[in-house]
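> Structure file coords_23.txt (compact mmCIF, C-alpha atoms) is given on the next line.
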```
# COMPACT_ATOMS: atom_id res chain seq x y z
CA PRO D 1 85.48 106.96 126.89
CA ALA D 2 85.70 104.31 129.58
CA LEU D 3 82.29 105.13 131.10
CA ARG D 4 80.53 104.77 127.75
CA ARG D 5 82.37 101.59 126.85
CA LEU D 6 81.57 100.08 130.26
CA SER D 7 77.92 101.07 130.08
CA HIS D 8 77.59 99.58 126.60
CA HIS D 9 79.40 96.44 127.75
CA LEU D 10 77.04 95.93 130.73
CA LEU D 11 73.72 96.75 129.07
CA ALA D 12 74.26 95.38 125.54
CA ARG D 13 72.89 91.91 126.29
CA TYR D 14 71.29 92.61 129.69
CA GLN D 15 67.78 91.26 130.29
CA LYS D 16 66.06 93.29 132.98
CA GLY D 17 62.92 91.17 132.94
CA THR D 18 64.47 88.21 134.78
CA ARG D 19 66.04 87.85 138.20
CA PRO D 20 69.83 88.42 137.82
CA VAL D 21 71.18 84.99 138.87
CA ARG D 22 72.97 82.36 136.78
CA ASP D 23 71.46 79.49 138.78
CA TRP D 24 67.71 79.85 139.39
CA ARG D 25 68.10 78.10 142.74
CA THR D 26 70.24 80.99 144.00
CA THR D 27 68.42 83.38 146.33
CA THR D 28 68.79 87.11 145.79
CA ASN D 29 69.55 88.74 149.13
CA VAL D 30 68.33 92.32 149.39
CA ALA D 31 69.66 94.40 152.31
CA ILE D 32 67.52 97.41 153.19
CA ASP D 33 68.01 100.39 155.43
CA LEU D 34 65.79 103.24 156.61
CA MET D 35 66.39 106.66 158.13
CA VAL D 36 63.50 108.89 159.19
CA TYR D 37 63.91 112.44 157.90
CA ALA D 38 60.66 114.13 159.00
CA ILE D 39 57.18 113.50 160.38
CA LEU D 40 54.97 115.45 157.99
CA SER D 41 51.50 114.87 159.41
CA VAL D 42 49.47 112.63 161.68
CA ASP D 43 45.82 112.30 160.68
CA GLU D 44 44.03 110.85 163.70
CA LYS D 45 40.61 110.84 162.06
CA ASN D 46 41.69 108.79 159.01
CA GLN D 47 44.43 106.90 160.91
CA VAL D 48 47.13 107.90 158.41
CA LEU D 49 50.76 108.75 159.13
CA THR D 50 52.80 110.71 156.59
CA THR D 51 56.58 110.48 156.91
CA TYR D 52 59.56 111.34 154.79
CA ILE D 53 62.29 108.69 154.86
CA TRP D 54 65.62 107.99 153.25
CA TYR D 55 65.40 104.46 151.90
CA ARG D 56 68.34 102.32 150.74
CA GLN D 57 68.51 98.94 148.95
CA HIS D 58 71.52 96.75 148.30
CA TRP D 59 71.69 93.52 146.32
CA THR D 60 74.07 91.62 144.02
CA ASP D 61 73.49 91.41 140.26
CA GLU D 62 75.53 88.58 138.77
CA PHE D 63 75.29 90.06 135.24
CA LEU D 64 76.75 93.45 136.17
CA LYS D 65 80.34 92.45 136.90
CA TRP D 66 83.52 93.52 135.10
CA GLU D 67 87.27 93.70 135.42
CA PRO D 68 88.37 97.27 136.34
CA ALA D 69 91.67 96.86 134.46
CA ARG D 70 89.86 96.71 131.12
CA PHE D 71 88.05 100.02 131.73
CA ASP D 72 90.65 102.44 133.12
CA ASN D 73 90.32 100.92 136.64
CA LEU D 74 86.68 101.94 136.98
CA THR D 75 85.21 100.27 140.09
CA GLN D 76 81.82 102.00 140.21
CA ILE D 77 79.34 103.32 137.69
CA SER D 78 75.86 104.82 137.76
CA LEU D 79 73.27 103.22 135.49
CA PRO D 80 69.64 104.15 134.71
CA VAL D 81 67.26 102.45 137.11
CA GLU D 82 64.90 101.64 134.19
CA SER D 83 67.62 99.63 132.43
CA ILE D 84 68.34 97.02 135.11
CA TRP D 85 66.40 94.61 137.30
CA VAL D 86 65.09 96.11 140.56
CA PRO D 87 63.43 94.06 143.32
CA ASP D 88 59.71 94.64 143.83
CA ILE D 89 60.01 95.75 147.46
CA LEU D 90 56.88 97.55 148.65
CA ILE D 91 55.46 98.78 151.96
CA ASN D 92 52.39 96.86 153.05
CA GLU D 93 50.88 99.85 154.89
CA PHE D 94 50.85 102.10 151.80
CA VAL D 95 47.50 103.93 151.43
CA ASP D 96 48.48 106.63 148.94
CA VAL D 97 51.33 107.51 146.62
CA GLY D 98 53.26 110.41 148.08
CA LYS D 99 55.06 113.18 146.25
CA SER D 100 58.45 111.52 146.24
CA PRO D 101 61.27 112.80 144.01
CA HIS D 102 62.34 110.45 141.25
CA VAL D 103 65.96 109.28 141.37
CA PRO D 104 66.81 107.94 137.89
CA TYR D 105 70.13 106.20 138.66
CA VAL D 106 71.61 103.44 140.80
CA TYR D 107 75.23 102.77 141.70
CA VAL D 108 76.86 99.53 140.52
CA SER D 109 80.29 98.28 141.64
CA HIS D 110 82.56 95.93 139.69
CA HIS D 111 81.57 93.03 142.00
CA GLY D 112 77.96 93.38 140.83
CA GLU D 113 76.76 95.10 144.03
CA VAL D 114 73.87 97.48 143.29
CA GLN D 115 72.93 100.35 145.60
CA ASN D 116 69.55 101.98 145.14
CA LEU D 117 69.28 105.15 147.29
CA LYS D 118 66.11 107.24 147.19
CA PRO D 119 63.95 109.47 149.41
CA ILE D 120 60.31 108.46 149.79
CA GLN D 121 57.28 110.29 151.11
CA VAL D 122 55.37 107.51 152.84
CA MET D 123 51.63 107.72 153.53
CA THR D 124 50.82 104.65 155.58
CA ALA D 125 47.94 103.36 157.66
CA CYS D 126 48.67 103.35 161.37
CA SER D 127 46.61 102.48 164.43
CA LEU D 128 46.84 105.78 166.28
CA ASP D 129 45.97 105.82 169.97
CA ILE D 130 44.84 109.33 170.97
CA TYR D 131 43.56 108.49 174.45
CA ASN D 132 46.57 110.17 176.10
CA PHE D 133 46.48 113.30 173.91
CA PRO D 134 48.50 115.59 174.10
CA PHE D 135 50.95 113.30 175.94
CA ASP D 136 50.57 110.43 173.48
CA VAL D 137 53.24 108.17 172.03
CA GLN D 138 52.54 106.55 168.65
CA ASN D 139 54.06 103.35 167.32
CA CYS D 140 53.65 102.92 163.55
CA SER D 141 55.11 100.09 161.50
CA LEU D 142 56.58 100.10 158.01
CA THR D 143 56.66 96.57 156.58
CA PHE D 144 58.95 96.05 153.57
CA THR D 145 58.37 92.89 151.58
CA SER D 146 58.45 91.52 148.04
CA TRP D 147 54.93 91.60 146.69
CA LEU D 148 55.46 88.66 144.30
CA HIS D 149 58.65 86.70 145.03
CA HIS D 150 58.68 84.30 147.96
CA ILE D 151 61.59 83.83 150.29
CA ARG D 152 63.37 81.28 148.11
CA ASP D 153 63.73 83.90 145.37
CA ILE D 154 64.18 87.14 147.35
CA ASN D 155 65.28 87.26 150.95
CA LEU D 156 65.53 90.42 153.04
CA SER D 157 68.09 91.48 155.58
CA LEU D 158 69.14 94.60 157.46
CA TRP D 159 71.92 96.71 155.98
CA ARG D 160 73.17 98.06 159.31
CA GLN D 161 73.13 96.74 162.85
CA PRO D 162 69.77 97.08 164.67
CA GLU D 163 71.39 99.24 167.38
CA LEU D 164 72.61 101.72 164.78
CA VAL D 165 69.17 101.92 163.18
CA LYS D 166 67.37 102.29 166.52
CA PHE D 167 68.94 105.54 167.72
CA ASP D 168 69.89 107.11 164.39
CA ARG D 169 68.58 110.71 164.44
CA SER D 170 71.33 112.18 162.29
CA VAL D 171 69.00 113.35 159.49
CA PHE D 172 65.78 113.80 161.47
CA MET D 173 64.16 117.25 161.46
CA ASN D 174 63.69 117.80 165.18
CA GLN D 175 61.80 121.10 165.17
CA GLY D 176 58.26 119.91 164.50
CA GLU D 177 55.37 118.78 166.66
CA TRP D 178 56.59 115.19 166.86
CA GLU D 179 59.78 113.88 168.39
CA LEU D 180 61.44 110.70 167.13
CA LEU D 181 62.20 108.34 170.02
CA TYR D 182 63.64 105.31 168.23
CA VAL D 183 63.20 102.96 165.26
CA LEU D 184 62.99 99.25 165.95
CA SER D 185 63.66 96.64 163.26
CA ARG D 186 62.61 93.00 163.07
CA PHE D 187 62.75 90.27 160.42
CA GLN D 188 59.97 87.75 160.07
CA GLU D 189 58.46 85.30 157.58
CA PHE D 190 54.90 85.66 156.40
CA SER D 191 52.76 82.96 154.80
CA VAL D 192 49.17 82.84 153.59
CA ASN D 193 47.18 79.59 154.01
CA SER D 194 50.36 77.55 154.57
CA SER D 195 51.65 78.39 151.12
CA ASP D 196 55.07 79.76 150.24
CA SER D 197 56.58 82.11 152.80
CA TYR D 198 57.53 85.71 152.12
CA ALA D 199 60.32 87.61 153.80
CA GLU D 200 59.32 90.75 155.69
CA MET D 201 61.43 93.45 157.32
CA LYS D 202 59.43 95.55 159.83
CA PHE D 203 60.50 98.96 161.04
CA TYR D 204 58.61 100.34 164.06
CA VAL D 205 58.77 104.14 164.10
CA VAL D 206 58.05 105.33 167.65
CA ILE D 207 57.24 109.04 167.91
CA ARG D 208 56.08 111.27 170.77
CA ARG D 209 54.04 114.47 170.59
CA ARG D 210 55.45 117.64 172.12
CA PRO D 211 52.67 118.80 174.49
CA LEU D 212 53.79 122.38 175.22
CA PHE D 213 51.55 124.04 172.62
CA TYR D 214 48.46 122.11 173.69
CA THR D 215 49.22 122.67 177.37
CA VAL D 216 49.33 126.44 176.86
CA SER D 217 46.34 126.67 174.51
CA LEU D 218 44.04 124.01 176.02
CA LEU D 219 44.89 123.07 179.59
CA LEU D 220 45.92 126.41 181.09
CA PRO D 221 42.77 128.36 180.04
CA SER D 222 40.60 125.59 181.44
CA ILE D 223 42.58 125.57 184.69
CA PHE D 224 42.28 129.36 184.99
CA LEU D 225 38.51 129.21 184.54
CA MET D 226 38.22 126.50 187.19
CA VAL D 227 40.35 128.55 189.59
CA MET D 228 38.10 131.56 189.03
CA ASP D 229 35.10 129.36 189.75
CA ILE D 230 36.64 128.36 193.08
CA VAL D 231 37.47 131.98 193.89
CA GLY D 232 33.82 132.89 193.16
CA PHE D 233 32.77 131.03 196.31
CA TYR D 234 34.21 133.91 198.37
CA LEU D 235 31.48 136.23 197.12
CA PRO D 236 28.66 136.72 199.70
CA PRO D 237 26.04 134.00 199.17
CA HIS D 238 23.11 136.31 199.91
CA SER D 239 24.02 138.62 197.03
CA GLY D 240 23.01 137.98 193.45
CA GLU D 241 26.48 138.75 192.10
CA ARG D 242 27.69 135.21 192.65
CA VAL D 243 24.96 133.74 190.43
CA SER D 244 25.72 136.13 187.58
CA PHE D 245 29.46 135.49 188.00
CA LYS D 246 28.99 131.70 187.81
CA ILE D 247 26.73 131.99 184.76
CA THR D 248 29.35 134.16 183.04
CA LEU D 249 32.02 131.54 183.74
CA LEU D 250 29.80 128.79 182.38
CA LEU D 251 29.13 130.71 179.19
CA GLY D 252 32.83 131.51 178.81
CA TYR D 253 33.74 127.84 179.20
CA SER D 254 31.15 126.89 176.59
CA VAL D 255 32.68 129.34 174.11
CA PHE D 256 36.12 127.97 174.97
CA LEU D 257 35.01 124.41 174.15
CA ILE D 258 33.58 125.55 170.83
CA ILE D 259 36.90 127.19 169.94
CA VAL D 260 39.08 124.20 170.89
CA SER D 261 36.82 121.57 169.30
CA ASP D 262 38.75 121.84 166.02
CA THR D 263 42.05 121.37 167.82
CA LEU D 264 41.14 118.11 169.53
CA PRO D 265 41.78 114.95 167.49
CA ALA D 266 38.62 113.12 166.49
CA THR D 267 38.26 109.41 165.78
CA ALA D 268 35.33 107.07 165.45
CA VAL D 269 36.89 104.63 167.92
CA GLY D 270 37.35 106.60 171.14
CA THR D 271 37.63 109.96 172.84
CA PRO D 272 40.88 111.39 174.20
CA LEU D 273 41.20 111.78 177.94
CA ILE D 274 41.45 115.56 177.60
CA GLY D 275 37.94 115.55 176.09
CA ILE D 276 36.65 113.74 179.18
CA TYR D 277 38.54 116.29 181.28
CA PHE D 278 36.72 119.17 179.55
CA VAL D 279 33.34 117.48 180.00
CA VAL D 280 33.98 116.90 183.71
CA CYS D 281 35.10 120.52 184.14
CA MET D 282 31.86 121.65 182.49
CA ALA D 283 29.91 119.37 184.84
CA LEU D 284 31.76 120.85 187.84
CA LEU D 285 30.85 124.35 186.71
CA VAL D 286 27.20 123.32 186.41
CA ILE D 287 27.31 121.76 189.90
CA SER D 288 28.88 124.94 191.27
CA LEU D 289 26.15 127.06 189.71
CA THR D 290 23.47 124.74 191.09
CA GLU D 291 24.97 124.98 194.56
CA THR D 292 25.05 128.78 194.32
CA ILE D 293 21.41 128.94 193.25
CA LEU D 294 20.46 126.68 196.18
CA ILE D 295 22.31 128.80 198.71
CA VAL D 296 20.93 132.07 197.35
CA ARG D 297 17.43 130.63 197.44
CA LEU D 298 18.00 129.46 201.01
CA VAL D 299 19.23 132.75 202.43
CA HIS D 300 16.86 135.00 200.50
CA LYS D 301 14.55 136.94 202.81
CA GLN D 302 10.89 136.17 202.39
CA ASP D 303 7.97 137.14 204.58
CA LEU D 304 6.38 133.70 204.29
CA GLN D 305 9.57 131.80 205.14
CA PRO D 306 9.03 129.38 208.04
CA HIS D 307 11.28 128.95 211.03
CA VAL D 308 14.42 126.82 210.73
CA PRO D 309 13.68 123.28 211.95
CA GLU D 310 15.40 122.26 215.16
CA TRP D 311 17.20 119.33 213.56
CA VAL D 312 18.68 121.65 210.92
CA LYS D 313 19.89 123.99 213.66
CA HIS D 314 21.40 121.09 215.54
CA LEU D 315 23.20 119.66 212.52
CA LEU D 316 24.42 122.84 210.83
CA LEU D 317 24.74 125.47 213.56
CA GLU D 318 26.21 123.15 216.19
CA ARG D 319 27.70 120.00 214.69
CA ALA D 320 28.79 121.30 211.31
CA THR D 321 30.46 124.42 212.74
CA ILE D 322 32.61 122.25 214.98
CA LEU D 323 33.37 119.80 212.15
CA LEU D 324 34.29 122.57 209.73
CA CYS D 325 36.28 124.50 212.37
CA ILE D 326 34.35 127.69 211.70
CA ARG D 327 35.55 130.47 213.97
CA ASP D 328 32.10 132.02 214.26
CA SER D 329 30.50 128.91 215.72
CA LYS D 330 30.10 130.64 219.08
CA LYS D 331 28.48 133.57 217.33
CA PHE D 332 26.02 131.19 215.67
CA SER D 333 25.14 129.59 219.01
CA GLN D 334 24.87 132.99 220.68
CA SER D 335 22.61 134.31 217.95
CA ARG D 336 20.50 131.20 218.32
CA MET D 337 20.18 131.82 222.07
CA GLN D 338 19.36 135.46 221.38
CA SER D 339 16.59 134.45 219.03
CA LEU D 340 15.21 132.10 221.65
CA ASP D 341 15.41 134.85 224.30
CA THR D 342 13.68 137.26 221.93
CA SER D 343 10.82 134.85 221.38
CA ARG D 344 10.49 134.29 225.10
CA GLN D 345 10.55 138.02 225.72
CA VAL D 346 7.78 138.50 223.19
CA GLU D 347 5.69 135.91 225.01
CA ASN D 348 6.34 137.63 228.33
CA ASN D 349 5.37 140.99 226.83
CA ASP D 350 2.14 139.46 225.59
CA SER D 351 1.39 138.12 229.00
CA THR D 352 2.22 141.42 230.74
CA ALA D 353 0.16 143.35 228.23
CA LYS D 354 -2.99 141.81 229.63
CA PRO D 355 -4.91 143.85 232.25
CA THR D 356 -3.80 142.99 235.78
CA SER D 357 -4.65 144.28 239.22
CA TYR D 358 -2.29 146.78 240.70
CA VAL D 359 -1.10 146.10 244.30
CA CYS D 360 0.44 148.92 246.30
CA GLU D 361 2.37 148.70 249.49
CA ASP D 362 1.93 152.18 250.94
CA PRO D 363 -1.65 153.11 252.01
CA ARG D 364 -1.04 156.74 251.09
CA GLU D 365 0.08 155.67 247.64
CA CYS D 366 -3.00 153.55 247.31
CA GLY D 367 -5.14 156.46 248.23
CA ALA D 368 -3.37 158.76 245.78
CA VAL D 369 -3.62 156.20 243.02
CA GLY D 370 -7.29 155.58 243.74
CA GLY D 371 -7.99 159.27 243.67
CA THR D 372 -6.13 159.70 240.42
CA ARG D 373 -7.98 156.82 238.84
CA SER D 374 -11.32 158.13 239.89
CA SER D 375 -10.49 161.59 238.58
CA LEU D 376 -9.18 160.21 235.24
CA ALA D 377 -12.19 158.01 234.86
CA PHE D 378 -14.43 160.89 235.57
CA ALA D 379 -12.54 163.10 233.12
CA GLY D 380 -12.59 160.36 230.48
CA ARG D 381 -16.28 159.94 230.85
CA ALA D 382 -16.68 163.64 230.72
CA GLU D 383 -14.43 164.26 227.68
CA GLY D 384 -15.32 161.01 225.94
CA SER D 385 -13.77 157.58 225.94
CA ALA D 386 -13.98 157.06 222.15
CA ALA D 387 -10.74 158.93 221.37
CA LEU D 388 -8.76 157.01 224.00
CA GLN D 389 -9.98 153.69 222.69
CA GLU D 390 -8.93 154.65 219.17
CA VAL D 391 -5.46 155.62 220.33
CA LEU D 392 -5.20 152.34 222.26
CA ARG D 393 -6.14 150.33 219.16
CA GLU D 394 -3.59 152.15 216.99
CA THR D 395 -0.87 151.62 219.58
CA THR D 396 -1.66 147.92 219.78
CA ALA D 397 -1.54 147.54 215.99
CA ILE D 398 1.83 149.30 215.79
CA ARG D 399 3.19 147.08 218.52
CA GLN D 400 1.98 143.91 216.78
CA LEU D 401 3.51 145.08 213.47
CA LEU D 402 6.87 145.73 215.09
CA GLU D 403 6.81 142.33 216.80
CA LYS D 404 5.94 140.62 213.51
CA ARG D 405 8.73 142.43 211.69
CA GLU D 406 11.21 141.44 214.39
CA GLU D 407 10.08 137.85 214.10
CA PHE D 408 10.62 137.93 210.31
CA ARG D 409 14.08 139.35 210.87
CA ASP D 410 14.92 136.57 213.29
CA VAL D 411 13.75 133.95 210.82
CA ALA D 412 15.77 135.52 208.00
CA ARG D 413 18.81 135.75 210.26
CA GLU D 414 18.53 132.06 211.15
CA TRP D 415 18.27 131.01 207.49
CA LEU D 416 21.22 133.27 206.66
CA GLN D 417 23.32 131.49 209.28
CA VAL D 418 22.23 128.11 207.96
CA GLY D 419 23.07 129.25 204.41
CA TYR D 420 26.55 130.41 205.39
CA VAL D 421 27.39 127.13 207.13
CA LEU D 422 25.94 125.06 204.28
CA ASP D 423 27.86 127.18 201.76
CA VAL D 424 31.15 126.51 203.57
CA LEU D 425 30.36 122.80 203.74
CA LEU D 426 29.50 122.50 200.04
CA PHE D 427 32.48 124.64 199.05
CA ARG D 428 34.90 122.34 200.86
CA VAL D 429 33.29 119.26 199.35
CA TYR D 430 33.51 120.87 195.89
CA LEU D 431 37.14 121.87 196.48
CA ALA D 432 38.04 118.34 197.62
CA ALA D 433 36.40 116.89 194.47
CA VAL D 434 38.31 119.29 192.20
CA LEU D 435 41.63 118.54 193.91
CA ALA D 436 41.08 114.78 193.77
CA TYR D 437 40.16 115.01 190.09
CA SER D 438 43.22 117.14 189.29
CA ILE D 439 45.60 114.84 191.16
CA THR D 440 44.15 111.77 189.43
CA LEU D 441 44.53 113.27 185.96
CA GLY D 442 48.03 114.55 186.68
CA THR D 443 49.11 111.15 187.97
CA LEU D 444 47.68 109.30 184.97
CA TRP D 445 49.29 111.66 182.47
CA SER D 446 52.67 111.52 184.22
CA VAL D 447 52.60 107.71 184.39
CA TRP D 448 51.71 107.41 180.69
CA ARG D 449 54.36 109.97 179.77
CA ASP D 450 57.09 108.14 181.66
CA ALA D 451 55.95 104.80 180.26
```
Write out the structure in this file as structure tokens.

Amino acid sequence: PALRRLSHHLLARYQKGTRPVRDWRTTTNVAIDLMVYAILSVDEKNQVLTTYIWYRQHWTDEFLKWEPARFDNLTQISLPVESIWVPDILINEFVDVGKSPHVPYVYVSHHGEVQNLKPIQVMTACSLDIYNFPFDVQNCSLTFTSWLHHIRDINLSLWRQPELVKFDRSVFMNQGEWELLYVLSRFQEFSVNSSDSYAEMKFYVVIRRRPLFYTVSLLLPSIFLMVMDIVGFYLPPHSGERVSFKITLLLGYSVFLIIVSDTLPATAVGTPLIGIYFVVCMALLVISLTETILIVRLVHKQDLQPHVPEWVKHLLLERATILLCIRDSKKFSQSRMQSLDTSRQVENNDSTAKPTSYVCEDPRECGAVGGTRSSLAFAGRAEGSAALQEVLRETTAIRQLLEKREEFRDVAREWLQVGYVLDVLLFRVYLAAVLAYSITLGTLWSVWRDA
């Protein structure tokens, strides 16, 4: 048969150990092409990218030519790849041999043009930048070069036009975590210590991570917990429920960080921005809990609590209420005036409680009063003044106790007002910090995504 005769004719005296040129000064030009089929894995910790590509080589073998008329007009034949010379084109970034299928044949045309088409699972080293995770874009290079032959023996070129290679997604599996943006190609010469130069063809595979999964599983739960922390400020500050609520949120966020720690990429070089975001959110929760403990301690009623200093009243109950546009500022000032009036009234009662002389205007009234006094004094002396003095002492003690209790209530009421105003002030400062932090992160992520 023609195929067998042609194969025997081509391989009978073929020497695969030497470069297939008749003149040793002739350079073998190898045209290569690459199409990305799938992104299998991206190992951020070990800085390894695993891809599956369709790789093609094309060169001219001067000893594999024939006349088609002598072999039933055959213009193309497949030959075993182990039987002919194949250029030693390797990838410089190779770190491990992947599980690539073995293709045992190459196509040879009657002009001596050899086409070597094969799929390759490529495990290459790549400098992965995870700072913008999960909105990161990775740029990994695949450098094809002859490991032994310099540029005078084997030169490299691109099979197709660079524009066709750049946006070719015809075979790419587009349903995974990574999205192929484009593939750039560039030819360059490489030399070591000014010795012979080697031809290199670089392909830059630019991929982008799809962030939807990480947004739903990482960002949204954290945002929900921060929103609940902000809502917790609307609980009354003088109740202990706010403290327990904040502690529960802090514990829940800690458990959340433990769960997502395996999802975040880890490298020895740097930390992704989302990790800093989680740490800052934890710090904000701790600050919120500290503020709540301070306010609860401030407004808690204690018998030994001193009066509110005047400068605190002036700053918080007068200036801060106007600055914060609190509607109850008049109520605070009125309650302050009421407390002052109460203290003055207590002083007046103490002064009026002292024995004073009674002055009457009507002489008959004076006579009646004098007679009554004399009769009561006489009756008291007769019945005994010890019981009346005991009743008087008990009444005075009860009065002093009620005045002291009222004073404690006024002090607690003043500290409660100060606590409410300070709570509103700290809440707005905390809210402004959270909003500024969120806007900054959103802006940075959007800028990096668009870039």
> Using Å and a single decimal, report how far atom CA of D:Val192 sits from atom CA of D:Glu93.
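Separating atom CA of D:Glu93 from atom CA of D:Val192 is a distance of 17.1 Å.
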> One decimal, Å: what's the distance from atom CA of D:Ala199 over to atom CA of D:Tyr14, could you say?
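About the pair atom CA of D:Ala199 and atom CA of D:Tyr14: they are 27.0 Å apart.
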> Need the shell around stretch 135-144 of chain D: protein/DNA/RNA residues with any atom at most 10 Å away, counting only C-alpha atoms. Skip same-chain ones fewer than 3 positions apart. Format as a VMD selection string?
chain D and resid 32 34 42 48 to 49 88 to 94 122 124 to 132 147 156 178 to 187 199 to 212 214 to 215 272 274 445 to 446 448 to 451
> Please identify all polymer residues within 8 Å of D:Met35, counting only C-alpha atoms, omitting same-chain residues fewer than 5 positions from it, and present them as a list in words.
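Contacts, with the query itself left out: Ile53, Trp54, Tyr55, Val165, Asp168, Arg169, Val171 and Phe172 of chain D.
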> May I ask for the distance between atom CA of D:Glu113 and atom CA of D:Leu64, given in Å to one decimal place?
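Here the two named atoms are 8.0 Å from each other.
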> Can you pull out the residues contacting stretch 7-10 of chain D? Cut-off 10 Å, using only C-alpha atoms, and skip same-chain residues under 2 positions away; I want them as a list of chain:residue names.
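Neighbouring residues, sequence-local ones excluded: D:Ala2, D:Leu3, D:Arg4, D:Arg5, D:Ala12, D:Arg13, D:Tyr14, D:Phe63, D:Leu64, D:Lys65, D:Trp66, D:Ile77, D:Ser78, D:Leu79, D:Pro80, D:Ile84.
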> Could you name the residues that touch D:Thr51 at 10 Å or less, counting all atoms listed in the file, but leaving out those on the same chain fewer than 5 positions away, as a list in words?
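Listing them by chain and then by number gives Val36, Tyr37, Ala38, Ile39, Leu40, Ser41, Val42, Gly98, Ile120, Gln121, Val122, Met123, Thr124 and Val205 of chain D.
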> For D:Thr26, which of D:Asn155, D:Thr263, D:Val81, D:Glu403 is the closest residue, counting all atoms listed in the file?
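Using all atoms listed in the file, D:Thr26 sits closest to D:Asn155.
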> Find the residues around D:His102 up to 10 Å (only C-alpha atoms counted), leave out those fewer than 3 positions away in its own chain, and share them as a ChimeraX atom specification.
/D:99,105,118-120
> Using all atoms listed in the file, can you tell me which of D:Val106, D:Ile259, D:Ile276, D:Cys281 comes closest to D:Phe224?
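Going through D:Val106, D:Ile259, D:Ile276, D:Cys281 one by one, the smallest distance to D:Phe224 is for D:Cys281.
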> For a quick check of understanding, using only C-alpha atoms, which of D:Pro101, D:Leu117, D:Ala31, D:Gly112 has the smallest distance to D:Arg56?
D:Leu117
> My list of candidates is D:Glu189, D:Phe71, D:Ser385, D:Trp85. Which is closest to D:Val21 when distances are computed with only C-alpha atoms?
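Of the candidates, the smallest distance to D:Val21 is held by D:Trp85.
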